[in-house]
Amino acid sequence: MAGKTSLPGPITILMIVILLAAVSTWLLPAGEYAKLQKDGSTFLLTTDSSSVSLPLTQKTLDSLSIRIEVQKFIDDDIRKPVSVPGSFKKQEKNPQGFIEVLQAPIKGIYDSIDIILFVLIIGGFMYVFNETGAMTKGISWLSHTMKGREPLLIAILTAIFAFFASSYGMAEEALIFYPILVPLFLAAGYDLLVPLAIIFGGTSLGGIPAFSNPFSTIIASNAAGINWMDGLTGRLVLWVLLTALMIWYILRYAAKVKKDPTASLVHKIDGTVSPPFEINNNQPAVTRLDLKTKLLLLIYIATFLTMIGCVVFLKWWMTEMSALFLASSILIAIIGRINEKTFVREFIKGAENLLSVAFIIGVARGVTIVLNEGRISDSILFFTANLVQGMSPAIFILALMIFYVVFSLFIQSTSGMAVLTMPIIGALAIIVNIPGREIVNSYMYGMCIMSFIAPTGLILPNLAMVNISLKTWMKFIMPLLILITIICAAALMIGINL
């Protein structure tokens with residue numbers, strides 16, 4: 001029997017992209033734009049031959065045809081040098097060879113170390129919190145409390161999973177909730193699609209308007225050179241809208257199945273199926289939450305709210321946010337009475353779990369380093385800007401979302417895709433006069449819409465937890481996915497005109 005062919009992993013794909021980037025430095029003409037960045041209380045304009053200080057005023061930006069409010073520089077919403085439109089000049093070529101290709105991922109890790117450490121500490125935080133069992137107890141208590149009021153439970157749980165995905169990027173860890181929720185919803189007269197839609201549908205949906213997800217929103221905004229808080233209000237509004245739509249869609253289907261079990265898509269397509277784990281209906285439920293569990297859940301939520309608040313009001317960035325999650329991990333360990341050896345083991349295990357993500361971020365940044373050192377990143381930007389010159393911003397932003405829908409089939413890592421594409425596309429946004437936040441949004445919308453159905457993502461492990469086919473899921477989710485896509489396209493249209 002022939003072995004199954006599959007796509008190479010994200011790191012392999014990114015190394016191939018680094019190689020292609022190096023080849024491009026031999027083929028494409030080199031060139032650079034003049035760059036403008038905030039330097040203390042002034043602007044610094046850098047060209048290939050000089051650096052000049054300019055007043056930190058709107059007049060300076062207008063004179064350089066940079067259509068950005070000066071306040072965004074003053075508030076550090078724009079954190080990277082901005083390409084000055086019309087200033088592109090050809091340079092001497094600096095082709096990248098074999099040694100540069102080998103060094104690129106290492107330099108990329110050096111260059112991304114602040115983000116990488118933030119990601120690893122988040123991993124440690126999550127594992128320490130999971131060690132307390134507070135999350136599982138909280139969901140189990142909620143399920144017990146809402147028994148007999150399953151429609152309300154569906155609404156609450158879908159909102160919770162969407163919130164977790166939007167706030168910190170819940171994904172694989174949601175798999176642990178199937179043994180808790182599947183028996184409950186089957187006993188209530190629903191089918192296996194209902195818990196799948198709540199858990200996988202909720203977390204997939206939450207990624208679309210992610211408001212503080214460190215693996216998409218924060219990394220992409222950082223790579224694009226903008227503050228990740230830019231666009232927060234719009235994402236929160238979209239989160240409410242999409243979550244309400246998801247809840248309505250699941251409730252509508254669940255009510256239909258409860259009324260007529262033969263209307264179940266699982267029954268129609270897969271027949272009689274059972275989940276792969278043993279269902280024990282006599283398993284004791286958590287009937288009340290003790291003070292310690294309540295306190296742990298409060299710290300968990302407060303950590304993310306503190307992060308958002310301090311970024312807004314105290315201008316925190318990666319170092320401060322990393323310190324916050326480290327402090328919360330220690331506090332959780334103290335309250336949860338986790339001994340020192342267990343704390344260190346779980347924290348390191350959590351960091352290890354996200355080590356692949358950290359390497360993906362570093363390797364992806366290596367692509368940008370090869371392009372920059374080969375002096376062709378600005379050339380790509382220049383030729384792309386000429387290509388889209390005169391293109392309607394609406395068409396451009398929709399085409400960009402479609403680009404991410406398609407390419408997320410090959411790279412399902414949101415962090416890898418962000419670091420790979422945002423440096424070029426974020427700079428392009430300024431030249432074609434599109435808000436950087438909408439570039440980040442188009443990336444998140446495109447990638448996360450595809451995450452509902454991409455076989456390279458988490459759909460197959462989630463289907464395995466309920467033992468139903470991809471065909472059944474596709475039949476269920478496609479009408480909703482079309483509605484979500486239309487809403488996201490409309491949100492982008494509104495966003496580029498604000």
# chains A, B, ... in the order shown; residues from 1 in each chain; ligands from 1
$ residues_around --residues "Asn94 of chain A" --least-positions-apart "3" --cutoff "9 Å" --atoms "only C-alpha atoms" --output "compact mmCIF listing (two decimals) with N, CA and C atoms, in the first residue's frame"
# COMPACT_ATOMS: atom_id res chain seq x y z
N THR A 25 17.21 37.26 -4.43
CA THR A 25 18.20 38.34 -4.29
C THR A 25 19.21 38.35 -5.43
N TRP A 26 19.34 37.23 -6.13
CA TRP A 26 20.22 37.15 -7.31
C TRP A 26 19.50 37.63 -8.57
N ALA A 30 18.08 45.39 -6.73
CA ALA A 30 18.10 45.87 -5.35
C ALA A 30 17.65 47.33 -5.29
N GLN A 91 19.78 50.20 -5.73
CA GLN A 91 21.01 50.04 -4.97
C GLN A 91 21.88 48.95 -5.62
N GLU A 373 18.53 41.98 3.88
CA GLU A 373 19.98 42.00 3.68
C GLU A 373 20.34 41.87 2.20
N GLY A 374 19.44 41.26 1.43
CA GLY A 374 19.64 41.19 -0.02
C GLY A 374 19.14 42.44 -0.73
N ARG A 375 18.60 43.40 0.06
CA ARG A 375 18.12 44.69 -0.44
C ARG A 375 17.02 44.57 -1.49
N ILE A 376 16.17 43.54 -1.34
CA ILE A 376 15.07 43.42 -2.30
C ILE A 376 13.69 43.52 -1.65
$ select_by_dssp --residues "segment 204-310 of chain A" --states "alpha helix (DSSP H)" --output "PyMOL selection string"
chain A and resi 204-206+219-224+232-259+265+291-310
$ closest_residue --among "A:Arg252, A:Arg437, A:Lys93, A:Lys268" --to "Asn372 of chain A" --atoms "only C-alpha atoms"
A:Lys93
$ residues_around --residues "Leu120 of chain A" --least-positions-apart "3" --cutoff "7 Å" --atoms "only C-alpha atoms" --output "ChimeraX atom specification"
/A:116-117,123-124,351,354-355
$ residues_around --residues "Phe382 of chain A" --least-positions-apart "5" --cutoff "9 Å" --atoms "only C-alpha atoms" --output "list of chain:residue names"
A:Gly31, A:Glu32, A:Tyr33, A:Phe88, A:Ser377, A:Leu387, A:Leu428
$ residues_around --residues "Ile219 of chain A" --least-positions-apart "6" --cutoff "8 Å" --atoms "only C-alpha atoms" --output "NGL selection string"
:A and (115 or 415 or 418-419)
